[in-house]
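Novice: Below are the C-alpha cells for one structure; questions will follow.
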Amino acid sequence: MFSKSLYFPTRKKLRNLNRFWQIIYCNIGNPHPLGQLPIKFFREVLALCDHTSLLDESETHGLFSTDAIDRAWKILDQIPGRASGAYSHSQGIKGLRDTIAAAIEARDGDTIAAATEARDGFPADPNDLFLTDGASPAVHMMMQLLISSEKDGILCLIPQNPLYSASITLHGGSLVPYYLDEATGWGLEISNVKKQLEEARSKGITVRALVVINPGNPTGQVTGFTPDVREQIYKMASINLCSNISGQILASLIMSPPKPGDDSYDSYMAERDGILSSMARRAKVS
Ligand SMILES: Cc1ncc(COP(=O)(O)O)c(C=O)c1O
C-alpha cells in the first residue's frame with residue numbers, strides 16, 4: 001500500500017510490487033486528487049479576490065454567497081493596490097496576519113482556559129507570524145538557519161513525516177531521534193527525550209531544536225524566539241520575497257471561517273463535518 005499523493009509510482013516500481021494483487025491509493029496529505037471537494041466558501045473568496053471585476057457584476061450576487069462577497073472586499077482592502085498578483089511583505093500581508101493572530105489567540109485561549117480554568121487569552125503577535133507556502137518551506141527555512149554542520153542536531157520524533165529527516169540531511173545536520181509510543185496513543189516519555197539528548201551531547205552534537213508535530217499540525221508554531229532571532233528569520237524570508245498571496249488569503253480563511261448566521265455557515269459546516277467524519281471513518285478502517 002502506498003500513497004499516490006506523496007509520489008506517483010514508476011512502471012518499474014509497479015513491476016517490483018507484482019507480488020501484491022491490489023494497489024490502494026491513500027489520501028495522505030493530498031486529498032483533492034482522490035476526490036475530496038474543496039470548501040465552497042474558500043474557493044468563492046479566492047475567485048473574487050483574483051478576478052476582482054466579478055465584484056462589479058450584478059450576477060455575482062446570485063452566484064456567490066453574501067459573506068464570500070463581503071469577505072473578498074474586506075481582504076482586498078487589506079492588499080496594497082488590491083493586487084492579488086503582486087509581491088507582499090515578506091512575512092505576509094499585515095491585515096491577514098492580524099486575522100490569523102486573532103484566531104490563534106481565540107483558539108489557544110479557549111484551549112488553555114479549558115485546561116487551566118484561566119480567563120486570559122493566549123497572546124499571538126501578528127509581527128511574530130511568518131506566512132509560508134505550506135509547512136515544507138518553513139521547515140527548510142528553519143533547518144537552514146539552525147544547521148551549519150553535522151555537529152548541529154535536531155531532536156526529531158519517530159515516526160515522523162519524511163520531510164523532517166530529509167531536510168535535516170539536506171542541510172547537513174544530524175537527526176537525533178526520540179520515540180513516540182503507540183501503546184500510549186503515540187505518547188511521549190520525557191525520560192526518553194532526555195536520554196537521546198544526553199547521548200547526542202556525549203557525541204559532541206549540539207541539539208538546536210526539537211520538532212513537535214502535535215498539537216499544531218498542520219500549522220507550525222515556533223515560540224520563544226528573541227527579537228534578534230526574529231530579525232534573522234525575517235532576513236531569510238525576504239530572500240524568498242514572499243509566499244503566494246492566494247495561499248496567504250486561504251490561511252486567513254481557514255483560521256476565520258464563516259460564523260453562525262453567515263450566509264455560508266450551514267454549507268461550510270456540512271462540508272467540514274463531512275470531511276472530518278470521512279477521515280475518522282477511514283482511520284478506523286486502516
Ligand atoms: C507533520 C507534517 N509536516 C509537514 C507536512 C507538509 O506540509 P505542506 O504540504 O504544507 O508543505 C505535512 C503534511 O501533511 C505534515 O503532516
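By order of appearance in the C-alpha cells: chains A, B, ..., then residues from 1 within every chain, and ligands from 1 in the order shown.
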Select from stretch 61-206 of chain A everything DSSP, run on the backbone, classes as strand (DSSP E or B), then give the selection as a list in words.
Specialist: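 Answer for stretch 61-206 of chain A, restricted to strand (DSSP E or B): Asp152, Gly153, Ile154, Leu155, Cys156, Leu157, Ile158, Ser174, Leu175, Val176, Pro177, Tyr178, Tyr179, Leu180, Asp181, Gly187, Leu188 and Thr206 of chain A.
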Novice: Which neighbours of A:Gln144 fall inside 10 Å, counting only C-alpha atoms, when residues of the same chain fewer than 6 positions from it are skipped, and could you give them as JSON, numbers by chain?
Specialist: {"A": [138, 167, 168, 170, 171, 172, 173, 236]}
Novice: Would you list, as a PyMOL selection string, the residues of stretch 54-101 of chain A that end up in alpha helix (DSSP H) under DSSP run on this structure's backbone?
Specialist: chain A and resi 60-63+66-78+94-101
Novice: Write the selection just made, keeping N, CA and C atoms, as a PDB file, in the first residue's frame?
Specialist:
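Dumped everything to again04.pdb:
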ATOM      1  N   THR A  60     -23.120  38.394  -9.938  1.00  0.00           N
ATOM      2  CA  THR A  60     -22.279  37.797  -8.899  1.00  0.00           C
ATOM      3  C   THR A  60     -23.072  37.562  -7.612  1.00  0.00           C
ATOM      4  N   HIS A  61     -24.025  38.453  -7.349  1.00  0.00           N
ATOM      5  CA  HIS A  61     -24.809  38.315  -6.112  1.00  0.00           C
ATOM      6  C   HIS A  61     -25.709  37.082  -6.142  1.00  0.00           C
ATOM      7  N   GLY A  62     -26.048  36.617  -7.353  1.00  0.00           N
ATOM      8  CA  GLY A  62     -26.831  35.381  -7.454  1.00  0.00           C
ATOM      9  C   GLY A  62     -25.960  34.152  -7.388  1.00  0.00           C
ATOM     10  N   LEU A  63     -24.698  34.297  -7.799  1.00  0.00           N
ATOM     11  CA  LEU A  63     -23.823  33.125  -7.912  1.00  0.00           C
ATOM     12  C   LEU A  63     -22.969  32.880  -6.673  1.00  0.00           C
ATOM     13  N   THR A  66     -23.276  35.813   0.076  1.00  0.00           N
ATOM     14  CA  THR A  66     -23.115  37.206   0.515  1.00  0.00           C
ATOM     15  C   THR A  66     -21.853  37.368   1.362  1.00  0.00           C
ATOM     16  N   ASP A  67     -21.603  36.392   2.261  1.00  0.00           N
ATOM     17  CA  ASP A  67     -20.432  36.553   3.139  1.00  0.00           C
ATOM     18  C   ASP A  67     -19.127  36.385   2.361  1.00  0.00           C
ATOM     19  N   ALA A  68     -19.146  35.609   1.268  1.00  0.00           N
ATOM     20  CA  ALA A  68     -17.923  35.488   0.447  1.00  0.00           C
ATOM     21  C   ALA A  68     -17.636  36.831  -0.234  1.00  0.00           C
ATOM     22  N   ILE A  69     -18.693  37.490  -0.706  1.00  0.00           N
ATOM     23  CA  ILE A  69     -18.512  38.803  -1.355  1.00  0.00           C
ATOM     24  C   ILE A  69     -17.983  39.813  -0.326  1.00  0.00           C
ATOM     25  N   ASP A  70     -18.606  39.834   0.853  1.00  0.00           N
ATOM     26  CA  ASP A  70     -18.158  40.776   1.904  1.00  0.00           C
ATOM     27  C   ASP A  70     -16.705  40.515   2.292  1.00  0.00           C
ATOM     28  N   ARG A  71     -16.377  39.207   2.436  1.00  0.00           N
ATOM     29  CA  ARG A  71     -15.015  38.878   2.856  1.00  0.00           C
ATOM     30  C   ARG A  71     -13.999  39.267   1.786  1.00  0.00           C
ATOM     31  N   ALA A  72     -14.370  39.047   0.516  1.00  0.00           N
ATOM     32  CA  ALA A  72     -13.445  39.397  -0.578  1.00  0.00           C
ATOM     33  C   ALA A  72     -13.144  40.898  -0.537  1.00  0.00           C
ATOM     34  N   TRP A  73     -14.192  41.720  -0.338  1.00  0.00           N
ATOM     35  CA  TRP A  73     -13.967  43.176  -0.245  1.00  0.00           C
ATOM     36  C   TRP A  73     -13.049  43.500   0.926  1.00  0.00           C
ATOM     37  N   LYS A  74     -13.295  42.865   2.070  1.00  0.00           N
ATOM     38  CA  LYS A  74     -12.505  43.150   3.274  1.00  0.00           C
ATOM     39  C   LYS A  74     -11.021  42.802   3.017  1.00  0.00           C
ATOM     40  N   ILE A  75     -10.812  41.642   2.412  1.00  0.00           N
ATOM     41  CA  ILE A  75      -9.429  41.204   2.161  1.00  0.00           C
ATOM     42  C   ILE A  75      -8.760  42.108   1.127  1.00  0.00           C
ATOM     43  N   LEU A  76      -9.501  42.423   0.044  1.00  0.00           N
ATOM     44  CA  LEU A  76      -8.905  43.275  -0.998  1.00  0.00           C
ATOM     45  C   LEU A  76      -8.497  44.630  -0.422  1.00  0.00           C
ATOM     46  N   ASP A  77      -9.283  45.128   0.522  1.00  0.00           N
ATOM     47  CA  ASP A  77      -8.931  46.411   1.145  1.00  0.00           C
ATOM     48  C   ASP A  77      -7.644  46.316   1.965  1.00  0.00           C
ATOM     49  N   GLN A  78      -7.246  45.088   2.331  1.00  0.00           N
ATOM     50  CA  GLN A  78      -6.012  44.923   3.117  1.00  0.00           C
ATOM     51  C   GLN A  78      -4.783  44.728   2.216  1.00  0.00           C
ATOM     52  N   LYS A  94      -0.130  42.243   6.216  1.00  0.00           N
ATOM     53  CA  LYS A  94      -0.342  42.545   7.645  1.00  0.00           C
ATOM     54  C   LYS A  94      -1.796  42.284   8.075  1.00  0.00           C
ATOM     55  N   GLY A  95      -2.779  42.724   7.268  1.00  0.00           N
ATOM     56  CA  GLY A  95      -4.192  42.536   7.645  1.00  0.00           C
ATOM     57  C   GLY A  95      -4.532  41.058   7.806  1.00  0.00           C
ATOM     58  N   LEU A  96      -3.961  40.204   6.933  1.00  0.00           N
ATOM     59  CA  LEU A  96      -4.230  38.763   7.027  1.00  0.00           C
ATOM     60  C   LEU A  96      -3.562  38.194   8.273  1.00  0.00           C
ATOM     61  N   ARG A  97      -2.350  38.700   8.554  1.00  0.00           N
ATOM     62  CA  ARG A  97      -1.672  38.230   9.792  1.00  0.00           C
ATOM     63  C   ARG A  97      -2.459  38.664  11.032  1.00  0.00           C
ATOM     64  N   ASP A  98      -3.081  39.850  10.979  1.00  0.00           N
ATOM     65  CA  ASP A  98      -3.909  40.291  12.118  1.00  0.00           C
ATOM     66  C   ASP A  98      -5.060  39.306  12.345  1.00  0.00           C
ATOM     67  N   THR A  99      -5.722  38.924  11.235  1.00  0.00           N
ATOM     68  CA  THR A  99      -6.854  37.969  11.335  1.00  0.00           C
ATOM     69  C   THR A  99      -6.375  36.645  11.922  1.00  0.00           C
ATOM     70  N   ILE A 100      -5.225  36.159  11.417  1.00  0.00           N
ATOM     71  CA  ILE A 100      -4.718  34.855  11.856  1.00  0.00           C
ATOM     72  C   ILE A 100      -4.297  34.920  13.324  1.00  0.00           C
ATOM     73  N   ALA A 101      -3.633  36.023  13.707  1.00  0.00           N
ATOM     74  CA  ALA A 101      -3.189  36.150  15.113  1.00  0.00           C
ATOM     75  C   ALA A 101      -4.403  36.176  16.044  1.00  0.00           C
TER      76      ALA A 101
END
Novice: Do you have, as a tab-separated table, the list of residues of stretch 221-248 of chain A lying at most 9 Å from stretch 130-133 of chain A, each with its nearest atom pair and that distance in Å to one decimal, counting only C-alpha atoms and ordered by chain then number?
Specialist:
residue	atom	partner	partner_atom	distance
A:Ile233	CA	A:Phe130	CA	8.7
A:Tyr234	CA	A:Phe130	CA	8.1
A:Ala237	CA	A:Phe130	CA	8.0
A:Cys242	CA	A:Thr132	CA	7.5
A:Ser243	CA	A:Thr132	CA	5.1
A:Asn244	CA	A:Asp133	CA	6.6
A:Gly247	CA	A:Asp133	CA	6.6
A:Gln248	CA	A:Leu131	CA	6.5
Novice: Which residues are near A:Asp50? Cut-off 9 Å, only C-alpha atoms, ignore same chain within fewer than 6 positions. Put them as a ChimeraX atom specification.
Specialist: /A:83-85,246
Novice: If we count only C-alpha atoms, what is near A:Ala103 at a cut-off of 9 Å, once residues fewer than 4 positions away on the same chain are taken out, given as a list in words?
Specialist: Asp98, Thr99, Arg107, Asp108, Ala124, Ser252, Met255 and Ser256 of chain A
Novice: Restrict the selected residues to N, CA and C atoms and save them as a PDB file, in the first residue's frame.
Specialist:
ATOM      1  N   ASP A  98      -3.081  39.850  10.979  1.00  0.00           N
ATOM      2  CA  ASP A  98      -3.909  40.291  12.118  1.00  0.00           C
ATOM      3  C   ASP A  98      -5.060  39.306  12.345  1.00  0.00           C
ATOM      4  N   THR A  99      -5.722  38.924  11.235  1.00  0.00           N
ATOM      5  CA  THR A  99      -6.854  37.969  11.335  1.00  0.00           C
ATOM      6  C   THR A  99      -6.375  36.645  11.922  1.00  0.00           C
ATOM      7  N   ARG A 107      -8.452  30.692  19.672  1.00  0.00           N
ATOM      8  CA  ARG A 107      -8.411  29.222  19.733  1.00  0.00           C
ATOM      9  C   ARG A 107      -7.590  28.755  20.922  1.00  0.00           C
ATOM     10  N   ASP A 108      -6.341  29.250  21.031  1.00  0.00           N
ATOM     11  CA  ASP A 108      -5.464  28.753  22.091  1.00  0.00           C
ATOM     12  C   ASP A 108      -5.925  29.264  23.444  1.00  0.00           C
ATOM     13  N   ALA A 124      -1.045  36.293  20.747  1.00  0.00           N
ATOM     14  CA  ALA A 124      -0.375  35.976  19.480  1.00  0.00           C
ATOM     15  C   ALA A 124      -0.108  37.308  18.789  1.00  0.00           C
ATOM     16  N   SER A 252      -5.853  32.772   6.021  1.00  0.00           N
ATOM     17  CA  SER A 252      -6.727  33.638   6.842  1.00  0.00           C
ATOM     18  C   SER A 252      -8.162  33.106   6.853  1.00  0.00           C
ATOM     19  N   MET A 255      -8.445  30.063   9.152  1.00  0.00           N
ATOM     20  CA  MET A 255      -8.420  30.463  10.565  1.00  0.00           C
ATOM     21  C   MET A 255      -9.651  31.280  10.940  1.00  0.00           C
ATOM     22  N   SER A 256     -10.348  31.824   9.953  1.00  0.00           N
ATOM     23  CA  SER A 256     -11.523  32.644  10.259  1.00  0.00           C
ATOM     24  C   SER A 256     -12.664  32.274   9.304  1.00  0.00           C
TER      25      SER A 256
END
